[in-house]
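Have a look at the structure below, then the notes.
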Amino acid sequence: MRPVCIIGAGKTPFGAFADQDLRSLALTAGQKALKDGNLEPGAIEAFYLGNFAGPQFTTQNHLAPYISTGLGMMGIPSTRFENACASSGSAFFHAFTAVASGVYDIAMVAGVEKMTCQPTARVTEILAGAGDCSTEVKAGSTFPSLFAMIARRHMHDFGTTRAQLSSVAVKNHENGVLNPDAQMRKAITLEQAMNARPIAEPLNLYDCSLISDGAAAVVICTADRAREFSSKPVKVLGVGQASNWLALDRKPDITTFESVRGAAQKAYAMAGMKPGDMQFAEVHDCFTIAEIVAIEDLGFAPRGRGGFFTAEGATRRDGSMPVNASGGLKSKGHPVGATGVAQLCDIVQQIRCEAGERQLKRHSVGLAQNLGGSGGTCVVTILGGY
Amino acid sequence: MSERSGVVYTETVVHLAPERFAADVPYQVIIVRLDDGESLTARVEGERVSIDDRVVQTAVRDGITFFRKANT
């Protein structure tokens with residue numbers, strides 16, 4: 001397997017953009033990634049697109065060539081990957097395997113979602129399609145309700161508290177204030193976070209990530225050619241993807257994600273590293289409880305202690321293990337199909353020391369964790385300094 | 001149908017639902033560990049239930065299985 005680098009990264013701001021359609025968002029991100037890597041479109045040999053539900057949100061299908069042709073990348077294989085919220089993480093994993101194995105030298109991975117064109121009830125219904133529609137969704141489960149059931153059990157088994165859940169939201173909003181591309185740049189108090197209107201008990205509005213439009217793209221390249229294009233290539237040290245049941249009721253224990261542990265194990269093994277070697281992370285905080293479970297499954301906090309670890313401040317920017325310095329899905333926004341690649345862009349920014357006011361002191365090894373559904377898919381990627 | 005029963009493994013009360021369930025909110029969803037070893041996502045009728053409560057099946061309507069708290 002050949003070493004692989006990220007040589008270009010670019011994303012749109014996340015938010016509600018009435019004047020931007022799915023393609024214009026993806027083209028903006030793709031063009032930024034090309035420019036960042038000093039690349040002509042003709043240099044790209046394959047295009048991998050992560051998108052969850054473009055056809056349902058916008059009616060447009062056949063999305064990958066729709067975007068690659070718009071970027072001027074003519075004739076190359078262009079394929080869409082769909083793995084719920086881990087769509088672009090999965091696209092990245094497969095692009096990595098193709099470049100690492102020598103099929104291509106240079107490939108682009110993009111992620112995009114256009115969500116705000118639908119009313120909230122319809123968005124909720126589309127997102128529920130990431131669960132098992134023949135069982136849990138049929139019974140009336142929504143995505144917030146699946147994570148609410150995880151939260152309830154985590155609270156029951158480990159003594160995780162309402163305030164600890166909210167401490168995730170407070171921290172991520174605080175970080176998002178410093179991110180010019182974040183959708184909700186607004187600090188919130190613990191009291192506000194604890195007392196917002198209920199969505200699925202015990203989760204309230206401030207436990208949930210946002211409904212967003214946005215896109216992100218990276219260009220990856222075999223390491224031996226990376227410096228032809230970039231003076232600041234970022235190395236892919238490890239990457240792993242794993243799967244599990246879609247339905248929560250099939251899992252013996254819902255307070256841990258086997259797919260997260262599986263993907264992390266593979267990524268750590270490839271990198272020859274352990275959790276303690278990570279200096280910062282972007283994790284999939286689609287709901288506050290998801291961040292708590294993620295930091296446990298990734299090995300940053302002991303099992304059952306993720307809430308305590310967060311409330312003690314360990315995951316703040318000045319803590320021992322900064323998590324979601326970008327603001328996370330919670331504050332930055334969560335255009336579902338774009339999220340996995342957007343996390344990589346955030347890590348690239350930190351590693352290159354380009355994160356402005358939210359720049360971390362220790363920033364040479366970062367981990368991204370991209371979760372699909374309630375754990376049906378997970379992709380973990382470890383990036384390192386050039 | 002024989003009466004199925006089990007124990008509540010986890011629960012939530014849904015306040016924001018897709019349109020087809022909008023008329024039902026707030027409604028409680030549970031994962032039940034059935035006595036026969038199976039596991040099921042279901043709805044609750046009547047009194048709200050908590051983790052470890054015993055529940056019995058009351059009905060199946062429109063493909064949704066309903067449980068209520070068992071009389072103790």
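Each chain in the structure tokens gets a letter, A, B and so on, in the order shown; residues start at 1 in every chain, and ligands are counted from 1 in the order they appear.
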
Per-residue DSSP, chain B, filtered to helix (DSSP H, G or I), as a ChimeraX atom specification:
/B:19-24

For the selection you just gave me, I'd like the residues written to a file as an mmCIF file, in the first residue's frame, keeping all heavy atoms.
data_model
loop_
_atom_site.group_PDB
_atom_site.id
_atom_site.type_symbol
_atom_site.label_atom_id
_atom_site.label_comp_id
_atom_site.auth_asym_id
_atom_site.auth_seq_id
_atom_site.Cartn_x
_atom_site.Cartn_y
_atom_site.Cartn_z
ATOM 1 N N GLU B 19 -44.697 14.014 9.499
ATOM 2 C CA GLU B 19 -46.105 14.373 9.322
ATOM 3 C C GLU B 19 -47.084 13.239 9.644
ATOM 4 O O GLU B 19 -48.096 13.452 10.293
ATOM 5 C CB GLU B 19 -46.338 14.827 7.885
ATOM 6 C CG GLU B 19 -46.787 16.275 7.805
ATOM 7 C CD GLU B 19 -46.461 16.866 6.454
ATOM 8 O OE1 GLU B 19 -46.962 16.328 5.448
ATOM 9 O OE2 GLU B 19 -45.690 17.855 6.408
ATOM 10 N N ARG B 20 -46.730 12.000 9.225
ATOM 11 C CA ARG B 20 -47.698 10.916 9.399
ATOM 12 C C ARG B 20 -47.931 10.567 10.870
ATOM 13 O O ARG B 20 -48.909 9.920 11.211
ATOM 14 C CB ARG B 20 -47.304 9.680 8.586
ATOM 15 C CG ARG B 20 -46.014 9.023 9.017
ATOM 16 C CD ARG B 20 -45.469 8.151 7.888
ATOM 17 N NE ARG B 20 -44.017 8.191 7.942
ATOM 18 C CZ ARG B 20 -43.260 7.169 8.302
ATOM 19 N NH1 ARG B 20 -43.816 6.022 8.617
ATOM 20 N NH2 ARG B 20 -41.967 7.281 8.349
ATOM 21 N N PHE B 21 -47.006 10.995 11.763
ATOM 22 C CA PHE B 21 -47.196 10.741 13.194
ATOM 23 C C PHE B 21 -47.476 12.034 13.973
ATOM 24 O O PHE B 21 -47.554 12.013 15.200
ATOM 25 C CB PHE B 21 -45.964 10.063 13.801
ATOM 26 C CG PHE B 21 -45.636 8.724 13.186
ATOM 27 C CD1 PHE B 21 -44.355 8.463 12.715
ATOM 28 C CD2 PHE B 21 -46.601 7.727 13.094
ATOM 29 C CE1 PHE B 21 -44.046 7.233 12.153
ATOM 30 C CE2 PHE B 21 -46.296 6.498 12.532
ATOM 31 C CZ PHE B 21 -45.020 6.249 12.052
ATOM 32 N N ALA B 22 -47.603 13.142 13.255
ATOM 33 C CA ALA B 22 -47.706 14.452 13.925
ATOM 34 C C ALA B 22 -48.899 14.508 14.884
ATOM 35 O O ALA B 22 -48.831 15.130 15.941
ATOM 36 C CB ALA B 22 -47.786 15.563 12.889
ATOM 37 N N ALA B 23 -49.981 13.825 14.516
ATOM 38 C CA ALA B 23 -51.175 13.861 15.357
ATOM 39 C C ALA B 23 -50.978 13.088 16.661
ATOM 40 O O ALA B 23 -51.748 13.259 17.607
ATOM 41 C CB ALA B 23 -52.362 13.282 14.584
ATOM 42 N N ASP B 24 -49.958 12.235 16.708
ATOM 43 C CA ASP B 24 -49.746 11.373 17.886
ATOM 44 C C ASP B 24 -48.902 12.032 18.969
ATOM 45 O O ASP B 24 -48.835 11.540 20.087
ATOM 46 C CB ASP B 24 -49.030 10.071 17.483
ATOM 47 C CG ASP B 24 -49.807 9.259 16.456
ATOM 48 O OD1 ASP B 24 -50.966 9.625 16.180
ATOM 49 O OD2 ASP B 24 -49.252 8.279 15.941
#

Do you have, as CSV, the list of residues of chain B lying at most 6 Å from chain A, each with its nearest atom pair and that distance in Å to one decimal, counting only C-alpha atoms and ordered by chain then number?
residue,atom,partner,partner_atom,distance
B:Thr10,CA,A:Met149,CA,5.6
B:Glu11,CA,A:Met149,CA,5.3
B:Thr12,CA,A:Glu201,CA,5.3
B:Val13,CA,A:Glu201,CA,5.1
B:Val14,CA,A:Ala200,CA,4.3
B:His15,CA,A:Ile199,CA,5.0
B:Leu16,CA,A:Ile199,CA,5.4
B:Pro18,CA,A:Ala121,CA,4.8
B:Glu19,CA,A:Ala121,CA,5.9
B:Ser39,CA,A:Asp249,CA,5.8
B:Leu40,CA,A:Asp249,CA,5.9
B:Thr41,CA,A:Glu136,CA,5.4
B:Ala42,CA,A:Ala139,CA,5.7
B:Ile64,CA,A:Ala139,CA,5.1

Give me a file of those residues, with all heavy atoms, as an mmCIF file, in the first residue's frame.
data_model
loop_
_atom_site.group_PDB
_atom_site.id
_atom_site.type_symbol
_atom_site.label_atom_id
_atom_site.label_comp_id
_atom_site.auth_asym_id
_atom_site.auth_seq_id
_atom_site.Cartn_x
_atom_site.Cartn_y
_atom_site.Cartn_z
ATOM 1 N N THR B 10 -35.026 0.612 27.015
ATOM 2 C CA THR B 10 -34.833 2.063 26.971
ATOM 3 C C THR B 10 -36.098 2.710 26.438
ATOM 4 O O THR B 10 -36.978 2.018 25.898
ATOM 5 C CB THR B 10 -33.608 2.459 26.117
ATOM 6 O OG1 THR B 10 -33.355 3.864 26.279
ATOM 7 C CG2 THR B 10 -33.807 2.156 24.642
ATOM 8 N N GLU B 11 -36.213 4.021 26.607
ATOM 9 C CA GLU B 11 -37.442 4.713 26.178
ATOM 10 C C GLU B 11 -37.167 6.161 25.861
ATOM 11 O O GLU B 11 -36.160 6.729 26.281
ATOM 12 C CB GLU B 11 -38.513 4.607 27.276
ATOM 13 C CG GLU B 11 -38.087 5.088 28.657
ATOM 14 C CD GLU B 11 -38.194 6.599 28.890
ATOM 15 O OE1 GLU B 11 -38.917 7.274 28.145
ATOM 16 O OE2 GLU B 11 -37.513 7.094 29.793
ATOM 17 N N THR B 12 -38.092 6.767 25.105
ATOM 18 C CA THR B 12 -38.064 8.207 24.837
ATOM 19 C C THR B 12 -39.491 8.682 24.603
ATOM 20 O O THR B 12 -40.361 7.880 24.247
ATOM 21 C CB THR B 12 -37.196 8.548 23.608
ATOM 22 O OG1 THR B 12 -37.186 9.976 23.415
ATOM 23 C CG2 THR B 12 -37.727 7.904 22.332
ATOM 24 N N VAL B 13 -39.722 9.967 24.807
ATOM 25 C CA VAL B 13 -41.001 10.558 24.430
ATOM 26 C C VAL B 13 -40.735 11.519 23.277
ATOM 27 O O VAL B 13 -39.940 12.453 23.400
ATOM 28 C CB VAL B 13 -41.665 11.281 25.618
ATOM 29 C CG1 VAL B 13 -42.943 11.980 25.161
ATOM 30 C CG2 VAL B 13 -41.959 10.296 26.737
ATOM 31 N N VAL B 14 -41.379 11.247 22.150
ATOM 32 C CA VAL B 14 -41.140 12.007 20.916
ATOM 33 C C VAL B 14 -42.059 13.232 20.863
ATOM 34 O O VAL B 14 -43.269 13.112 21.029
ATOM 35 C CB VAL B 14 -41.387 11.109 19.681
ATOM 36 C CG1 VAL B 14 -41.205 11.903 18.395
ATOM 37 C CG2 VAL B 14 -40.463 9.898 19.711
ATOM 38 N N HIS B 15 -41.437 14.406 20.665
ATOM 39 C CA HIS B 15 -42.214 15.653 20.563
ATOM 40 C C HIS B 15 -42.225 16.219 19.147
ATOM 41 O O HIS B 15 -43.083 17.017 18.803
ATOM 42 C CB HIS B 15 -41.649 16.714 21.512
ATOM 43 C CG HIS B 15 -41.859 16.378 22.954
ATOM 44 N ND1 HIS B 15 -42.916 16.851 23.688
ATOM 45 C CD2 HIS B 15 -41.152 15.577 23.789
ATOM 46 C CE1 HIS B 15 -42.849 16.375 24.925
ATOM 47 N NE2 HIS B 15 -41.787 15.587 25.015
ATOM 48 N N LEU B 16 -41.211 15.841 18.346
ATOM 49 C CA LEU B 16 -41.153 16.322 16.956
ATOM 50 C C LEU B 16 -41.163 15.094 16.052
ATOM 51 O O LEU B 16 -40.235 14.293 16.094
ATOM 52 C CB LEU B 16 -39.875 17.143 16.732
ATOM 53 C CG LEU B 16 -39.691 17.686 15.313
ATOM 54 C CD1 LEU B 16 -40.701 18.790 15.012
ATOM 55 C CD2 LEU B 16 -38.276 18.207 15.112
ATOM 56 N N PRO B 18 -42.395 13.066 12.142
ATOM 57 C CA PRO B 18 -42.752 13.261 10.739
ATOM 58 C C PRO B 18 -44.272 13.462 10.619
ATOM 59 O O PRO B 18 -45.025 13.072 11.526
ATOM 60 C CB PRO B 18 -42.339 11.950 10.076
ATOM 61 C CG PRO B 18 -41.475 11.245 11.047
ATOM 62 C CD PRO B 18 -41.811 11.762 12.398
ATOM 63 N N GLU B 19 -44.697 14.014 9.499
ATOM 64 C CA GLU B 19 -46.105 14.373 9.322
ATOM 65 C C GLU B 19 -47.084 13.239 9.644
ATOM 66 O O GLU B 19 -48.096 13.452 10.293
ATOM 67 C CB GLU B 19 -46.338 14.827 7.885
ATOM 68 C CG GLU B 19 -46.787 16.275 7.805
ATOM 69 C CD GLU B 19 -46.461 16.866 6.454
ATOM 70 O OE1 GLU B 19 -46.962 16.328 5.448
ATOM 71 O OE2 GLU B 19 -45.690 17.855 6.408
ATOM 72 N N SER B 39 -36.191 -8.805 20.615
ATOM 73 C CA SER B 39 -36.136 -7.383 20.969
ATOM 74 C C SER B 39 -36.959 -6.610 19.957
ATOM 75 O O SER B 39 -36.962 -6.950 18.776
ATOM 76 C CB SER B 39 -34.679 -6.943 20.939
ATOM 77 O OG SER B 39 -34.531 -5.734 21.612
ATOM 78 N N LEU B 40 -37.658 -5.584 20.400
ATOM 79 C CA LEU B 40 -38.648 -4.932 19.544
ATOM 80 C C LEU B 40 -38.737 -3.440 19.851
ATOM 81 O O LEU B 40 -38.699 -3.043 21.019
ATOM 82 C CB LEU B 40 -39.999 -5.596 19.858
ATOM 83 C CG LEU B 40 -41.192 -5.301 18.973
ATOM 84 C CD1 LEU B 40 -40.975 -5.943 17.604
ATOM 85 C CD2 LEU B 40 -42.457 -5.880 19.617
ATOM 86 N N THR B 41 -38.863 -2.617 18.797
ATOM 87 C CA THR B 41 -39.166 -1.196 19.004
ATOM 88 C C THR B 41 -40.674 -1.039 18.944
ATOM 89 O O THR B 41 -41.311 -1.495 17.988
ATOM 90 C CB THR B 41 -38.500 -0.328 17.923
ATOM 91 O OG1 THR B 41 -37.093 -0.606 17.920
ATOM 92 C CG2 THR B 41 -38.700 1.149 18.203
ATOM 93 N N ALA B 42 -41.268 -0.439 19.950
ATOM 94 C CA ALA B 42 -42.724 -0.397 20.056
ATOM 95 C C ALA B 42 -43.182 0.924 20.659
ATOM 96 O O ALA B 42 -42.372 1.749 21.077
ATOM 97 C CB ALA B 42 -43.206 -1.561 20.916
ATOM 98 N N ILE B 64 -47.784 -1.124 13.849
ATOM 99 C CA ILE B 64 -47.098 -0.664 15.064
ATOM 100 C C ILE B 64 -47.570 -1.509 16.247
ATOM 101 O O ILE B 64 -48.777 -1.684 16.452
ATOM 102 C CB ILE B 64 -47.401 0.820 15.360
ATOM 103 C CG1 ILE B 64 -47.034 1.687 14.152
ATOM 104 C CG2 ILE B 64 -46.678 1.277 16.617
ATOM 105 C CD1 ILE B 64 -47.455 3.145 14.301
#

What is the atom CA of A:Thr256 to atom CA of A:Ala53 distance in Å?
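Here the two named atoms are 26.3 Å from each other.
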
Can you tell me, as a CSV table (one decimal) with all heavy atoms, in the first residue's frame, which residues in stretch 319-371 of chain A count as strand (DSSP E) by DSSP?
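Dumped to part28.csv:
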chain,number,residue,atom,x,y,z
A,365,VAL,N,-1.4,15.8,15.0
A,365,VAL,CA,-2.1,14.5,14.7
A,365,VAL,C,-3.5,14.7,15.1
A,365,VAL,O,-3.9,14.9,16.3
A,365,VAL,CB,-1.5,13.3,15.4
A,365,VAL,CG1,-2.2,12.1,15.0
A,365,VAL,CG2,0.0,13.2,15.1
A,366,GLY,N,-4.5,14.6,14.1
A,366,GLY,CA,-5.9,14.7,14.4
A,366,GLY,C,-6.7,13.6,13.9
A,366,GLY,O,-6.3,13.0,12.8
A,367,LEU,N,-7.8,13.3,14.6
A,367,LEU,CA,-8.6,12.2,14.2
A,367,LEU,C,-10.0,12.7,13.8
A,367,LEU,O,-10.6,13.5,14.5
A,367,LEU,CB,-8.7,11.2,15.3
A,367,LEU,CG,-9.6,9.9,15.2
A,367,LEU,CD1,-9.0,8.7,16.0
A,367,LEU,CD2,-11.1,10.2,15.7
A,368,ALA,N,-10.6,12.1,12.8
A,368,ALA,CA,-12.0,12.4,12.4
A,368,ALA,C,-12.8,11.1,12.5
A,368,ALA,O,-12.4,10.1,12.1
A,368,ALA,CB,-12.1,12.9,11.0
A,369,GLN,N,-14.0,11.3,13.1
A,369,GLN,CA,-14.9,10.2,13.3
A,369,GLN,C,-16.3,10.6,12.7
A,369,GLN,O,-16.9,11.5,13.1
A,369,GLN,CB,-15.1,9.8,14.7
A,369,GLN,CG,-16.1,8.7,15.0
A,369,GLN,CD,-17.4,9.2,15.7
A,369,GLN,OE1,-17.4,10.4,16.1
A,369,GLN,NE2,-18.4,8.4,15.8
A,370,ASN,N,-16.7,9.8,11.6
A,370,ASN,CA,-17.9,10.1,10.9
A,370,ASN,C,-18.8,9.0,11.0
A,370,ASN,O,-18.5,7.8,10.6
A,370,ASN,CB,-17.5,10.4,9.4
A,370,ASN,CG,-18.5,10.8,8.5
A,370,ASN,OD1,-18.4,10.6,7.3
A,370,ASN,ND2,-19.6,11.4,8.9
A,371,LEU,N,-20.0,9.2,11.6
A,371,LEU,CA,-21.0,8.2,11.9
A,371,LEU,C,-22.2,8.2,11.0
A,371,LEU,O,-22.7,9.2,10.7
A,371,LEU,CB,-21.5,8.4,13.4
A,371,LEU,CG,-22.3,7.3,14.0
A,371,LEU,CD1,-21.5,6.1,14.4
A,371,LEU,CD2,-23.0,7.8,15.2

Any idea what's packed within 10 Å of A:Ile347, counting only C-alpha atoms, ignoring anything in its chain fewer than 4 positions away? Could you give it as a ChimeraX atom specification?
/A:234,280-282,324-326,341-343,351-355,363-368,382-384

Serialized selection, C-alpha atoms, as a PDB file, in the first residue's frame:
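New file result_8.pdb:
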ATOM      1  CA  VAL A 234      -1.186  16.372   5.012  1.00  0.00           C
ATOM      2  CA  PHE A 280      -7.244  16.586  18.793  1.00  0.00           C
ATOM      3  CA  ALA A 281     -10.364  15.220  17.125  1.00  0.00           C
ATOM      4  CA  GLU A 282     -13.438  16.120  15.133  1.00  0.00           C
ATOM      5  CA  ASN A 324     -14.736  19.633  17.834  1.00  0.00           C
ATOM      6  CA  ALA A 325     -12.689  22.822  17.922  1.00  0.00           C
ATOM      7  CA  SER A 326     -14.555  23.681  14.699  1.00  0.00           C
ATOM      8  CA  VAL A 341     -15.134  15.471   4.278  1.00  0.00           C
ATOM      9  CA  ALA A 342     -15.798  18.752   6.118  1.00  0.00           C
ATOM     10  CA  GLN A 343     -14.312  17.180   9.266  1.00  0.00           C
ATOM     11  CA  ILE A 351      -2.511  20.765  11.023  1.00  0.00           C
ATOM     12  CA  ARG A 352      -1.483  23.551   8.643  1.00  0.00           C
ATOM     13  CA  CYS A 353      -1.947  26.106  11.410  1.00  0.00           C
ATOM     14  CA  GLU A 354      -4.635  27.945   9.427  1.00  0.00           C
ATOM     15  CA  ALA A 355      -7.473  27.747  11.965  1.00  0.00           C
ATOM     16  CA  HIS A 363      -2.173  20.190  16.193  1.00  0.00           C
ATOM     17  CA  SER A 364       0.081  17.717  14.395  1.00  0.00           C
ATOM     18  CA  VAL A 365      -2.076  14.549  14.664  1.00  0.00           C
ATOM     19  CA  GLY A 366      -5.876  14.744  14.386  1.00  0.00           C
ATOM     20  CA  LEU A 367      -8.650  12.156  14.182  1.00  0.00           C
ATOM     21  CA  ALA A 368     -11.999  12.406  12.397  1.00  0.00           C
ATOM     22  CA  ILE A 382      -6.210   9.889  11.250  1.00  0.00           C
ATOM     23  CA  LEU A 383      -4.306  12.735   9.596  1.00  0.00           C
ATOM     24  CA  GLY A 384      -0.814  13.892  10.403  1.00  0.00           C
TER      25      GLY A 384
END

If we count only C-alpha atoms, what is near A:Pro65 at a cut-off of 10 Å, once residues fewer than 6 positions away on the same chain are taken out, given as a count of residues only?
12

A:Asp105 environment, 8 Å, only C-alpha atoms, sequence neighbours closer than 6 positions dropped, as a PDB file with N, CA and C atoms, in the first residue's frame:
ATOM      1  N   GLU A  45      -8.113  12.128 -11.595  1.00  0.00           N
ATOM      2  CA  GLU A  45      -8.338  10.881 -12.348  1.00  0.00           C
ATOM      3  C   GLU A  45      -9.634  10.165 -11.975  1.00  0.00           C
ATOM      4  N   VAL A  99      -6.274   5.048  -4.425  1.00  0.00           N
ATOM      5  CA  VAL A  99      -4.981   5.736  -4.600  1.00  0.00           C
ATOM      6  C   VAL A  99      -3.871   4.938  -3.907  1.00  0.00           C
ATOM      7  N   CYS A 221      -3.656  12.360  -3.059  1.00  0.00           N
ATOM      8  CA  CYS A 221      -2.592  12.121  -4.033  1.00  0.00           C
ATOM      9  C   CYS A 221      -1.587  11.141  -3.424  1.00  0.00           C
ATOM     10  N   THR A 222      -1.028  10.298  -4.247  1.00  0.00           N
ATOM     11  CA  THR A 222       0.027   9.420  -3.750  1.00  0.00           C
ATOM     12  C   THR A 222       1.160  10.296  -3.185  1.00  0.00           C
ATOM     13  N   ARG A 225       4.081  12.027  -5.051  1.00  0.00           N
ATOM     14  CA  ARG A 225       3.846  13.136  -5.995  1.00  0.00           C
ATOM     15  C   ARG A 225       3.252  14.380  -5.314  1.00  0.00           C
TER      16      ARG A 225
END

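Ranking B:Arg43, B:Arg4, B:Val60, B:Gly37 by their shortest atom-to-atom distance to B:Val25, with only C-alpha atoms included, puts B:Arg43 first.
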
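In this model, the gap between atom CA of A:Leu298 and atom CA of A:Arg261 comes to 6.4 Å.
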
Report as a PyMOL selection string all protein, DNA and RNA residues lying within 12 Å of A:Ala196, evaluated on only C-alpha atoms, omitting residues in the same chain fewer than 4 positions from it.
chain A and resi 162+166+169+188-192+200-208
